[in-house]
$ cat entry-v3.cif   # mmCIF, C-alpha atoms and all ligand atoms
data_query
#
loop_
_atom_site.label_atom_id
_atom_site.label_comp_id
_atom_site.auth_asym_id
_atom_site.auth_seq_id
_atom_site.Cartn_x
_atom_site.Cartn_y
_atom_site.Cartn_z
CA MET E 93 90.07 112.28 110.09
CA LEU E 94 89.29 108.56 110.04
CA ASN E 95 88.96 106.47 113.16
CA GLY E 96 87.48 103.24 114.51
CA VAL E 97 86.18 100.73 111.99
CA ASP E 98 86.82 103.08 109.06
CA LEU E 99 90.48 103.45 109.96
CA VAL E 100 90.93 99.68 110.23
CA ALA E 101 89.31 99.14 106.82
CA PHE E 102 91.27 102.00 105.29
CA ARG E 103 94.61 100.55 106.41
CA LYS E 104 93.66 97.03 105.41
CA GLN E 105 92.61 98.06 101.90
CA LEU E 106 95.68 100.16 101.17
CA LEU E 107 98.14 97.62 102.57
CA GLY E 108 96.40 94.76 100.75
CA TRP E 109 96.60 96.68 97.48
CA PHE E 110 100.28 97.50 98.01
CA ARG E 111 101.23 93.92 98.81
CA GLN E 112 99.49 92.68 95.72
CA PHE E 113 100.46 95.32 93.17
CA ARG E 114 103.69 96.94 94.33
CA ARG E 115 106.39 97.45 91.77
CA ASP E 116 109.36 95.15 92.08
CA LEU E 117 112.14 97.69 92.71
CA PRO E 118 115.73 96.77 93.63
CA TRP E 119 115.63 98.54 97.01
CA ARG E 120 112.47 96.66 97.96
CA GLN E 121 114.40 93.40 98.11
CA THR E 122 116.38 94.39 101.17
CA LYS E 123 116.13 95.60 104.75
CA ASP E 124 119.72 96.84 104.70
CA PRO E 125 119.49 100.45 105.93
CA TYR E 126 122.50 101.45 103.81
CA ARG E 127 120.74 100.36 100.62
CA ILE E 128 117.43 101.90 101.65
CA TRP E 129 119.18 105.13 102.58
CA LEU E 130 120.95 105.24 99.22
CA SER E 131 117.70 104.66 97.33
CA GLU E 132 115.87 107.36 99.30
CA ILE E 133 118.59 109.91 98.58
CA MET E 134 118.77 109.03 94.88
CA LEU E 135 114.98 109.14 94.53
CA GLN E 136 114.75 112.74 95.77
CA GLN E 137 113.58 114.84 92.79
CA THR E 138 114.43 111.95 90.48
CA ARG E 139 112.32 109.37 88.64
CA VAL E 140 112.52 105.68 89.57
CA ALA E 141 113.56 104.61 86.05
CA ALA E 142 116.46 107.08 86.07
CA VAL E 143 117.62 105.96 89.52
CA ILE E 144 117.79 102.17 88.99
CA PRO E 145 121.01 102.00 86.86
CA TYR E 146 122.75 104.53 89.12
CA TYR E 147 121.70 102.65 92.23
CA GLU E 148 123.05 99.36 90.91
CA ARG E 149 126.32 100.85 89.67
CA PHE E 150 126.85 102.74 92.93
CA LEU E 151 126.30 99.63 95.05
CA LYS E 152 128.66 97.59 92.93
CA ARG E 153 131.42 100.06 93.66
CA PHE E 154 130.36 100.93 97.23
CA PRO E 155 128.62 97.85 98.62
CA ASN E 156 128.58 99.13 102.20
CA VAL E 157 128.96 102.25 104.27
CA GLN E 158 132.65 101.63 104.92
CA ALA E 159 133.44 101.49 101.21
CA LEU E 160 131.59 104.76 100.67
CA ALA E 161 133.32 106.42 103.62
CA ASN E 162 136.72 105.41 102.22
CA ALA E 163 136.01 106.86 98.76
CA SER E 164 137.17 110.25 97.53
CA GLU E 165 134.51 112.88 96.87
CA GLU E 166 135.64 112.93 93.26
CA GLU E 167 134.92 109.25 92.75
CA VAL E 168 131.52 109.48 94.43
CA LEU E 169 130.59 112.43 92.23
CA ARG E 170 131.75 110.61 89.12
CA LEU E 171 129.37 107.73 89.83
CA TRP E 172 126.62 110.27 90.52
CA SER E 173 127.40 112.23 87.38
CA GLY E 174 124.19 112.77 85.37
CA LEU E 175 121.81 112.24 88.27
CA GLY E 176 121.88 115.92 89.28
CA TYR E 177 121.51 117.66 92.67
CA TYR E 178 125.10 116.82 93.53
CA SER E 179 124.91 118.05 97.11
CA ARG E 180 123.08 114.76 97.70
CA ALA E 181 126.21 112.80 96.77
CA ARG E 182 128.50 115.04 98.78
CA ASN E 183 126.28 114.72 101.85
CA LEU E 184 125.94 110.97 101.39
CA ARG E 185 129.69 110.54 101.58
CA LYS E 186 130.00 112.93 104.54
CA ALA E 187 127.25 111.04 106.37
CA ALA E 188 128.95 107.69 105.62
CA ARG E 189 132.12 109.00 107.23
CA GLN E 190 130.15 110.08 110.31
CA ILE E 191 128.43 106.68 110.53
CA VAL E 192 131.81 104.96 110.46
CA ALA E 193 133.35 107.37 112.96
CA ASN E 194 130.46 107.71 115.42
CA HIS E 195 128.06 104.80 114.97
CA GLY E 196 130.26 101.74 114.51
CA ARG E 197 129.48 101.55 110.76
CA LYS E 198 125.79 101.00 111.48
CA PHE E 199 123.06 103.36 110.36
CA PRO E 200 121.63 104.90 113.57
CA THR E 201 118.26 103.55 114.64
CA GLY E 202 117.13 106.70 116.51
CA ALA E 203 115.46 109.62 114.71
CA GLY E 204 117.63 112.19 116.53
CA ASP E 205 120.89 110.56 115.41
CA ALA E 206 119.61 110.00 111.86
CA LEU E 207 118.50 113.64 111.56
CA ALA E 208 121.95 114.81 112.68
CA LEU E 209 123.53 113.24 109.57
CA PRO E 210 124.17 115.50 106.56
CA GLY E 211 121.45 115.36 103.90
CA ILE E 212 118.84 113.66 106.12
CA GLY E 213 115.65 115.54 106.90
CA ASN E 214 112.36 114.47 108.45
CA TYR E 215 111.09 112.66 105.37
CA THR E 216 114.29 110.70 104.70
CA ALA E 217 114.77 109.76 108.36
CA ALA E 218 111.17 108.50 108.62
CA ALA E 219 111.47 106.54 105.37
CA ILE E 220 114.74 104.79 106.26
CA LEU E 221 113.87 104.06 109.88
CA SER E 222 110.38 102.78 109.14
CA ILE E 223 111.41 100.58 106.20
CA ALA E 224 114.65 99.22 107.68
CA PHE E 225 113.71 99.05 111.38
CA GLU E 226 109.88 99.29 111.45
CA LYS E 227 110.01 102.51 113.47
CA LYS E 228 106.59 104.16 113.79
CA LEU E 229 107.40 107.30 111.83
CA ALA E 230 105.06 108.50 109.07
CA VAL E 231 106.57 110.00 105.92
CA VAL E 232 105.29 113.14 104.23
CA ASP E 233 106.87 114.12 100.91
CA GLY E 234 105.49 115.54 97.66
CA ASN E 235 103.66 112.34 96.66
CA VAL E 236 102.29 111.63 100.12
CA SER E 237 101.18 115.20 100.72
CA ARG E 238 99.19 115.14 97.47
CA VAL E 239 97.40 111.94 98.52
CA LEU E 240 96.68 113.36 101.97
CA ALA E 241 95.44 116.69 100.61
CA ARG E 242 93.02 114.84 98.33
CA LEU E 243 91.91 112.39 100.98
CA GLY E 244 91.07 115.21 103.37
CA ALA E 245 89.97 117.70 100.66
CA ILE E 246 92.48 120.20 102.02
CA ARG E 247 92.46 123.47 100.09
CA GLY E 248 95.13 126.18 99.98
CA ASP E 249 98.91 126.02 99.79
CA ILE E 250 99.91 122.80 101.52
CA ARG E 251 103.52 124.03 101.84
CA GLU E 252 102.29 126.75 104.17
CA SER E 253 103.60 125.72 107.59
CA GLN E 254 100.29 125.24 109.43
CA ARG E 255 98.80 123.10 106.67
CA TRP E 256 101.98 121.08 106.36
CA HIS E 257 101.87 120.33 110.08
CA ALA E 258 98.22 119.31 109.74
CA LEU E 259 99.21 116.93 106.94
CA GLN E 260 101.94 115.44 109.11
CA ASP E 261 99.34 114.95 111.89
CA SER E 262 97.00 113.12 109.54
CA ALA E 263 99.90 110.99 108.21
CA ASP E 264 100.77 110.08 111.82
CA SER E 265 97.18 109.11 112.58
CA TYR E 266 96.84 106.93 109.44
CA LEU E 267 100.17 105.11 109.93
CA ASP E 268 99.64 101.41 110.53
CA PRO E 269 101.55 100.71 113.78
CA ASP E 270 101.93 97.02 112.90
CA SER E 271 103.61 97.65 109.51
CA PRO E 272 105.02 101.18 109.38
CA GLY E 273 107.55 100.34 106.66
CA ASP E 274 105.02 98.81 104.28
CA TRP E 275 102.50 101.47 105.19
CA ASN E 276 104.76 104.34 104.24
CA GLN E 277 105.70 102.63 101.01
CA ALA E 278 102.03 101.94 100.26
CA VAL E 279 101.09 105.63 100.52
CA MET E 280 104.09 106.62 98.41
CA GLU E 281 103.26 103.93 95.85
CA LEU E 282 99.67 105.12 95.63
CA GLY E 283 100.89 108.66 94.98
CA ALA E 284 103.39 107.48 92.36
CA THR E 285 101.11 105.16 90.40
CA ILE E 286 97.39 105.90 91.02
CA CYS E 287 96.94 109.25 92.76
CA THR E 288 99.24 110.98 90.28
CA PRO E 289 99.54 114.78 89.97
CA LYS E 290 97.55 115.27 86.75
CA SER E 291 94.97 112.51 86.40
CA PRO E 292 94.29 110.52 89.55
CA GLN E 293 92.85 107.13 88.62
CA CYS E 294 90.14 107.14 91.26
CA LEU E 295 88.35 104.18 89.67
CA LEU E 296 91.35 101.98 90.45
CA CYS E 297 92.05 103.47 93.86
CA PRO E 298 91.85 101.02 96.78
CA ILE E 299 90.83 103.77 99.22
CA ALA E 300 88.45 105.75 96.98
CA GLN E 301 85.55 105.26 99.38
CA PHE E 302 87.41 107.27 102.06
CA CYS E 303 88.46 110.13 99.80
CA GLU E 304 86.76 113.48 100.49
CA GLY E 305 88.39 115.12 97.46
CA ARG E 306 86.85 112.53 95.14
CA LYS E 307 83.44 112.81 96.81
CA LEU E 308 83.46 116.58 96.30
CA GLY E 309 84.70 116.22 92.70
CA ILE E 310 87.77 118.37 93.38
CA ALA E 311 90.48 115.71 93.66
CA GLU E 312 92.20 116.66 90.43
CA SER E 313 92.56 120.30 91.47
CA LEU E 314 94.28 119.38 94.74
CA PRO E 315 96.72 120.27 96.09
CA GLU E 316 96.16 123.84 94.96
CA LYS E 317 99.03 125.39 93.06
CA ARG E 318 101.36 127.62 94.98
CA LYS E 319 102.83 130.76 93.54
CA LYS E 320 105.90 129.91 91.50
CA ARG E 321 109.07 131.92 91.71
CA ALA E 322 109.56 133.76 88.40
CA ASN E 323 112.17 132.16 86.15
CA VAL E 324 115.34 134.05 85.39
CA GLU E 325 117.11 133.97 82.01
CA VAL E 326 120.87 133.42 82.13
CA THR E 327 123.33 133.27 79.22
CA LEU E 328 126.70 131.55 79.47
CA ALA E 329 129.62 131.20 77.07
CA ALA E 330 131.81 128.11 77.33
CA GLY E 331 135.22 127.55 75.76
CA VAL E 332 136.01 123.99 74.65
CA PHE E 333 139.64 123.44 73.71
CA ALA E 334 140.24 120.56 71.33
CA ASP E 335 143.66 119.36 70.26
CA GLU E 336 144.43 117.28 67.20
CA ASN E 337 144.02 114.03 69.12
CA GLY E 338 140.56 114.88 70.44
CA TRP E 339 141.59 115.88 73.97
CA THR E 340 140.09 118.80 75.82
CA LEU E 341 140.59 120.61 79.12
CA LEU E 342 138.33 120.77 82.16
CA LEU E 343 138.77 123.18 85.03
CA PRO E 344 138.60 121.86 88.60
CA PRO E 345 135.46 122.11 90.76
CA PRO E 346 135.03 125.69 92.00
CA GLU E 347 135.25 126.39 95.70
CA GLU E 348 132.14 126.26 97.89
CA ALA E 349 129.46 128.57 96.50
CA HIS E 350 128.94 131.61 98.67
CA THR E 351 125.52 132.11 100.16
CA ALA E 352 123.15 134.49 98.36
CA ALA E 353 124.97 133.85 95.08
CA PRO E 354 123.44 135.64 92.07
CA ALA E 355 121.37 133.62 89.56
CA ASP E 356 124.24 133.54 87.04
CA TYR E 357 126.90 132.37 89.50
CA VAL E 358 128.88 129.88 87.41
CA PRO E 359 130.06 127.59 90.28
CA THR E 360 126.43 126.84 91.12
CA LEU E 361 125.46 126.34 87.48
CA VAL E 362 128.21 123.76 86.93
CA SER E 363 127.20 122.08 90.20
CA ARG E 364 130.68 122.68 91.61
CA MET E 365 132.11 119.96 89.40
CA TRP E 366 134.74 119.76 86.65
CA HIS E 367 133.73 122.10 83.84
CA PHE E 368 134.79 123.93 80.70
CA PRO E 369 135.98 127.53 81.05
CA THR E 370 132.62 129.28 81.39
CA VAL E 371 131.46 132.86 81.89
CA SER E 372 128.13 134.53 82.35
CA VAL E 373 127.48 137.04 79.55
CA THR E 374 125.08 139.82 78.70
CA GLY E 375 126.56 141.15 75.45
CA ASP E 376 128.82 139.47 72.86
CA PRO E 377 129.56 135.96 74.23
CA SER E 378 132.84 135.49 72.35
CA ALA E 379 134.29 138.82 73.54
CA LYS E 380 133.52 138.10 77.19
CA LEU E 381 134.84 134.55 76.91
CA ARG E 382 138.04 135.79 75.27
CA THR E 383 138.61 138.22 78.14
CA SER E 384 138.10 135.48 80.66
CA LEU E 385 140.44 133.09 78.80
CA ARG E 386 143.10 135.78 78.77
CA LYS E 387 143.17 135.61 82.56
CA LEU E 388 143.31 131.82 82.54
CA LEU E 389 146.00 131.30 79.95
CA ARG E 390 149.48 131.93 81.10
CA ASP E 391 151.42 131.42 77.89
CA GLY E 392 150.10 134.46 76.04
CA ARG E 393 148.34 132.45 73.33
CA ASN E 394 144.94 133.99 73.85
CA GLY E 395 145.28 136.58 71.10
CA SER E 396 145.59 133.91 68.44
CA LEU E 397 142.75 131.68 69.63
CA ARG E 398 139.99 131.03 67.10
CA LEU E 399 136.61 130.69 68.78
CA ALA E 400 134.26 128.69 66.54
CA PRO E 401 130.62 128.89 67.70
CA ALA E 402 128.90 125.50 68.16
CA GLY E 403 125.23 126.47 68.25
CA LYS E 404 123.21 127.10 71.38
CA ILE E 405 122.06 124.84 74.19
CA ARG E 406 119.18 125.19 76.61
CA HIS E 407 119.48 123.96 80.16
CA SER E 408 117.70 124.69 83.40
CA VAL E 409 118.85 124.72 87.01
CA THR E 410 115.97 125.24 89.46
CA TYR E 411 114.47 128.64 88.51
CA ARG E 412 117.13 129.55 85.97
CA ASP E 413 116.55 129.13 82.22
CA ILE E 414 120.04 128.97 80.83
CA THR E 415 121.23 129.48 77.27
CA ILE E 416 124.79 128.28 76.73
CA VAL E 417 126.82 129.37 73.73
CA PRO E 418 129.69 126.90 73.36
CA PHE E 419 132.80 127.66 71.31
CA ARG E 420 135.23 125.11 69.97
CA ILE E 421 138.81 126.32 70.26
CA SER E 422 140.94 124.10 68.04
CA VAL E 423 144.60 124.03 69.06
CA LYS E 424 147.67 122.01 68.13
CA LYS E 425 148.61 121.60 71.77
CA LEU E 426 146.37 122.19 74.79
CA PRO E 427 147.36 125.29 76.76
CA ARG E 428 148.56 125.13 80.34
CA ILE E 429 145.89 126.22 82.80
CA LYS E 430 146.42 125.93 86.53
CA GLY E 431 144.61 122.90 87.97
CA ALA E 432 143.04 121.90 84.62
CA ARG E 433 143.03 118.27 83.50
CA ARG E 434 143.06 116.66 80.07
CA VAL E 435 140.12 114.41 79.17
CA PRO E 436 138.89 112.96 75.85
CA LEU E 437 136.28 115.32 74.40
CA HIS E 438 134.08 112.43 73.21
CA ASP E 439 133.87 111.07 76.78
CA VAL E 440 134.33 113.84 79.33
CA THR E 441 132.76 111.74 82.06
CA SER E 442 135.29 108.92 81.72
CA ALA E 443 137.62 110.13 84.44
CA LEU E 444 136.10 113.15 86.15
CA PRO E 445 132.73 114.08 87.64
CA VAL E 446 130.90 116.63 85.51
CA SER E 447 127.39 118.07 85.55
CA ASN E 448 124.77 117.64 82.85
CA LEU E 449 125.48 121.17 81.67
CA THR E 450 129.09 120.22 80.91
CA ARG E 451 128.02 117.03 79.11
CA LYS E 452 125.66 119.03 76.94
CA VAL E 453 128.42 121.48 76.03
CA ALA E 454 130.74 118.62 75.01
CA ARG E 455 127.98 116.99 72.94
CA ALA E 456 127.13 120.27 71.19
CA VAL E 457 130.75 120.86 70.21
CA LEU E 458 131.14 117.31 68.91
CA ALA E 459 127.89 117.57 66.93
CA ALA E 460 128.90 120.90 65.41
CA SER E 461 132.30 119.49 64.40
CA ALA E 462 130.68 116.41 62.83
CA ALA E 463 128.30 118.61 60.82
CA ARG E 464 131.14 120.63 59.28
S1 LIG E 501 90.22 108.47 95.24
FE1 LIG E 501 91.37 109.47 93.68
S2 LIG E 501 92.04 111.38 94.58
FE2 LIG E 501 91.35 110.08 96.25
S3 LIG E 501 93.22 109.10 96.97
FE3 LIG E 501 92.31 107.74 95.46
S4 LIG E 501 93.26 108.30 93.51
FE4 LIG E 501 93.67 109.94 94.96
#

$ encode --input "entry-v3.cif" --output "structure tokens" --more "lines below"
Ligand code: SF4
Amino acid sequence: MLNGVDLVAFRKQLLGWFRQFRRDLPWRQTKDPYRIWLSEIMLQQTRVAAVIPYYERFLKRFPNVQALANASEEEVLRLWSGLGYYSRARNLRKAARQIVANHGRKFPTGAGDALALPGIGNYTAAAILSIAFEKKLAVVDGNVSRVLARLGAIRGDIRESQRWHALQDSADSYLDPDSPGDWNQAVMELGATICTPKSPQCLLCPIAQFCEGRKLGIAESLPEKRKKRANVEVTLAAGVFADENGWTLLLPPPEEAHTAAPADYVPTLVSRMWHFPTVSVTGDPSAKLRTSLRKLLRDGRNGSLRLAPAGKIRHSVTYRDITIVPFRISVKKLPRIKGARRVPLHDVTSALPVSNLTRKVARAVLAASAAR
């Protein structure tokens, strides 16, 4: 642990580097907690380059917390569509409603109140409150924990609770009390651009002289890998109706997923969004899909449906490796299915929120039709 003169120099060097070289990102041009909050939620598990267009589009439609609180979940999900991890969007809207109802439309400035909002954990609360309000709260996320593990040459699984607490303690002790917002961003920036997972660029690092991992020649191997959960293979069959005018049908978002759902639980795999009729299969995909469609269709047309296979798609959702077998079902007139809505097949995202899995299915069916 650094202290005294070393700690002063350490902070000065990292902050100086950040202020000179930081990337010019849209959420760095504001102190508005709403905008910072939105960026922090969008950046979870998602690359900066992917986030920027979503962030700008979202703010155009929902420029403040009141606008977001007034929106329907469906509209929020539609603007989030393609960014993944949709519980983030659902929680964002729920939290906006709580901020309007309980905090006079202002993001709370206390950690306790911030942590009570849906979708906000220790990292997100510390990031928002330090950047927007200069609260002295140190962040620890994946990037920061890697930097800290290397700086302190910490071996073993850093996600193990004791080590994680030790990392939080060292983050707290390093935090510059005069500039907590910039400090947190500086550590995150270092992790994102210099102290990267595979090849840390120690020669360019502004704090290399303080790094125990580098001195011991083990920086690149830190943090040590933790045991990965084994991946599970899942196969799905999806039925894509297509009428003569290019319209298709999507089923409504499934109800809340039950806890301890199996790996092939379709509502989870379609991110509880609008989706094509989809079933999990182990044997013949068309037979299982046909049986499922029989239950859905109420006008007895199932027997005459022609299921044309449209290749295979690969997709992954956390630990699941999914193979989807889509079928085009060409019909003169779309069947009636309870709750289903008509959308153009070439643009299924135009009116309804859908997951990436559903987009891929639509694309595969269109590509297969074009190739015929
Ligand atoms: S010296 Fe290398 S390993 Fe250490 S913090 Fe800097 S980039 Fe990371």

$ residues_near_ligand --input "entry-v3.cif" --ligand "ligand LIG 501 (chain E)" --cutoff "10 Å" --atoms "all atoms listed in the file" --output "VMD selection string"
chain E and resid 236 238 to 245 279 282 to 283 285 to 289 291 to 307 309 to 314

$ write_last_selection --input "entry-v3.cif" --atoms "C-alpha atoms" --output "compact mmCIF listing (two decimals), in the coordinates of the input"
# COMPACT_ATOMS: atom_id res chain seq x y z
CA VAL E 236 102.29 111.63 100.12
CA ARG E 238 99.19 115.14 97.47
CA VAL E 239 97.40 111.94 98.52
CA LEU E 240 96.68 113.36 101.97
CA ALA E 241 95.44 116.69 100.61
CA ARG E 242 93.02 114.84 98.33
CA LEU E 243 91.91 112.39 100.98
CA GLY E 244 91.07 115.21 103.37
CA ALA E 245 89.97 117.70 100.66
CA VAL E 279 101.09 105.63 100.52
CA LEU E 282 99.67 105.12 95.63
CA GLY E 283 100.89 108.66 94.98
CA THR E 285 101.11 105.16 90.40
CA ILE E 286 97.39 105.90 91.02
CA CYS E 287 96.94 109.25 92.76
CA THR E 288 99.24 110.98 90.28
CA PRO E 289 99.54 114.78 89.97
CA SER E 291 94.97 112.51 86.40
CA PRO E 292 94.29 110.52 89.55
CA GLN E 293 92.85 107.13 88.62
CA CYS E 294 90.14 107.14 91.26
CA LEU E 295 88.35 104.18 89.67
CA LEU E 296 91.35 101.98 90.45
CA CYS E 297 92.05 103.47 93.86
CA PRO E 298 91.85 101.02 96.78
CA ILE E 299 90.83 103.77 99.22
CA ALA E 300 88.45 105.75 96.98
CA GLN E 301 85.55 105.26 99.38
CA PHE E 302 87.41 107.27 102.06
CA CYS E 303 88.46 110.13 99.80
CA GLU E 304 86.76 113.48 100.49
CA GLY E 305 88.39 115.12 97.46
CA ARG E 306 86.85 112.53 95.14
CA LYS E 307 83.44 112.81 96.81
CA GLY E 309 84.70 116.22 92.70
CA ILE E 310 87.77 118.37 93.38
CA ALA E 311 90.48 115.71 93.66
CA GLU E 312 92.20 116.66 90.43
CA SER E 313 92.56 120.30 91.47
CA LEU E 314 94.28 119.38 94.74

$ atom_distance --input "entry-v3.cif" --atom1 "atom CA of E:Gln277" --atom2 "atom CA of E:Arg251"
21.5 Å

$ residues_around --input "entry-v3.cif" --residues "stretch 212-223 of chain E" --least-positions-apart "6" --cutoff "12 Å" --atoms "all atoms listed in the file" --output "PyMOL selection string"
chain E and resi 119-136+179-181+183-184+186-188+199-206+229-237+260+263-264+267-280

$ residues_around --input "entry-v3.cif" --residues "E:Ser173" --least-positions-apart "6" --cutoff "12 Å" --atoms "only C-alpha atoms" --output "PyMOL selection string"
chain E and resi 134+143+146+149-150+165-167+179-182+362-366+440-451

$ residues_around --input "entry-v3.cif" --residues "E:Thr374" --least-positions-apart "6" --cutoff "12 Å" --atoms "only C-alpha atoms" --output "ChimeraX atom specification"
/E:325-329,356,380-381,415-417

$ write_last_selection --input "entry-v3.cif" --atoms "C-alpha atoms" --output "short mmCIF file (atom, residue, chain, number, x, y, z; two decimals), in the coordinates of the input"
data_model
loop_
_atom_site.label_atom_id
_atom_site.label_comp_id
_atom_site.auth_asym_id
_atom_site.auth_seq_id
_atom_site.Cartn_x
_atom_site.Cartn_y
_atom_site.Cartn_z
CA GLU E 325 117.11 133.97 82.01
CA VAL E 326 120.87 133.42 82.13
CA THR E 327 123.33 133.27 79.22
CA LEU E 328 126.70 131.55 79.47
CA ALA E 329 129.62 131.20 77.07
CA ASP E 356 124.24 133.54 87.04
CA LYS E 380 133.52 138.10 77.19
CA LEU E 381 134.84 134.55 76.91
CA THR E 415 121.23 129.48 77.27
CA ILE E 416 124.79 128.28 76.73
CA VAL E 417 126.82 129.37 73.73
#

$ atom_distance --input "entry-v3.cif" --atom1 "atom CA of E:Pro344" --atom2 "atom CA of E:Pro369"
9.8 Å

$ closest_residue --input "entry-v3.cif" --among "E:Leu426, E:Ala161, E:Val409, E:Ala142" --to "E:Val324" --atoms "all atoms listed in the file"
E:Val409

$ closest_residue --input "entry-v3.cif" --among "E:Leu308, E:Leu361, E:Leu117, E:Ala224" --to "E:Arg247" --atoms "only C-alpha atoms"
E:Leu308

$ atom_distance --input "entry-v3.cif" --atom1 "atom CA of E:Lys198" --atom2 "atom CA of E:Asn162"
15.0 Å

$ closest_residue --input "entry-v3.cif" --among "E:Arg321, E:Lys404, E:Lys430, E:Arg114" --to "E:Arg455" --atoms "all atoms listed in the file"
E:Lys404

$ closest_residue --input "entry-v3.cif" --among "E:Glu281, E:Ala459, E:Glu252, E:Val423" --to "E:Asp116" --atoms "all atoms listed in the file"
E:Glu281

$ residues_around --input "entry-v3.cif" --residues "E:Ala330" --least-positions-apart "6" --cutoff "9 Å" --atoms "only C-alpha atoms" --output "JSON, numbers by chain"
{"E": [368, 369, 370, 371, 372, 377, 378, 381, 416, 417, 418, 419, 420, 453]}

$ closest_residue --input "entry-v3.cif" --among "E:Thr360, E:Gly331, E:Leu341, E:Lys425" --to "E:Leu385" --atoms "all atoms listed in the file"
E:Gly331

$ closest_residue --input "entry-v3.cif" --among "E:Gly176, E:Pro427, E:Gly211, E:Pro354" --to "E:Gln137" --atoms "only C-alpha atoms"
E:Gly176

$ residues_around --input "entry-v3.cif" --residues "E:Lys317" --least-positions-apart "6" --cutoff "9 Å" --atoms "all atoms listed in the file" --output "PyMOL selection string"
chain E and resi 248-250

$ axis_aligned_box --input "entry-v3.cif" --around "stretch 366-377 of chain E" --padding-each-side "3 Å" --output "JSON"
{"center_x": 130.5, "center_y": 130.5, "center_z": 79.8, "size_x": 16.9, "size_y": 27.4, "size_z": 19.8}

$ build_atoms --input "entry-v3.cif" --residues "stretch 307-318 of chain E" --atoms "N, CA, C and O atoms" --output "CSV table (one decimal), in the coordinates of the input"
chain,number,residue,atom,x,y,z
E,307,LYS,N,84.9,112.6,96.6
E,307,LYS,CA,83.4,112.8,96.8
E,307,LYS,C,83.0,114.2,96.4
E,307,LYS,O,81.9,114.4,95.9
E,308,LEU,N,83.8,115.2,96.6
E,308,LEU,CA,83.5,116.6,96.3
E,308,LEU,C,83.8,116.9,94.8
E,308,LEU,O,83.5,118.0,94.4
E,309,GLY,N,84.4,116.0,94.1
E,309,GLY,CA,84.7,116.2,92.7
E,309,GLY,C,85.8,117.2,92.5
E,309,GLY,O,85.9,117.8,91.4
E,310,ILE,N,86.7,117.4,93.5
E,310,ILE,CA,87.8,118.4,93.4
E,310,ILE,C,89.2,117.7,93.5
E,310,ILE,O,90.2,118.4,93.5
E,311,ALA,N,89.2,116.4,93.4
E,311,ALA,CA,90.5,115.7,93.7
E,311,ALA,C,91.6,116.2,92.7
E,311,ALA,O,92.7,116.5,93.1
E,312,GLU,N,91.2,116.3,91.4
E,312,GLU,CA,92.2,116.7,90.4
E,312,GLU,C,92.8,118.1,90.7
E,312,GLU,O,93.9,118.3,90.3
E,313,SER,N,92.1,118.9,91.3
E,313,SER,CA,92.6,120.3,91.5
E,313,SER,C,93.4,120.4,92.8
E,313,SER,O,93.9,121.5,93.1
E,314,LEU,N,93.5,119.3,93.5
E,314,LEU,CA,94.3,119.4,94.7
E,314,LEU,C,95.6,118.7,94.6
E,314,LEU,O,95.7,117.7,93.8
E,315,PRO,N,96.7,119.1,95.3
E,315,PRO,CA,96.7,120.3,96.1
E,315,PRO,C,96.7,121.5,95.2
E,315,PRO,O,97.2,121.5,94.1
E,316,GLU,N,96.2,122.6,95.8
E,316,GLU,CA,96.2,123.8,95.0
E,316,GLU,C,97.6,124.3,94.7
E,316,GLU,O,98.5,124.2,95.5
E,317,LYS,N,97.7,124.9,93.5
E,317,LYS,CA,99.0,125.4,93.1
E,317,LYS,C,99.5,126.5,94.0
E,317,LYS,O,98.8,127.4,94.3
E,318,ARG,N,100.8,126.5,94.3
E,318,ARG,CA,101.4,127.6,95.0
E,318,ARG,C,102.0,128.6,94.0
E,318,ARG,O,102.4,128.2,92.9
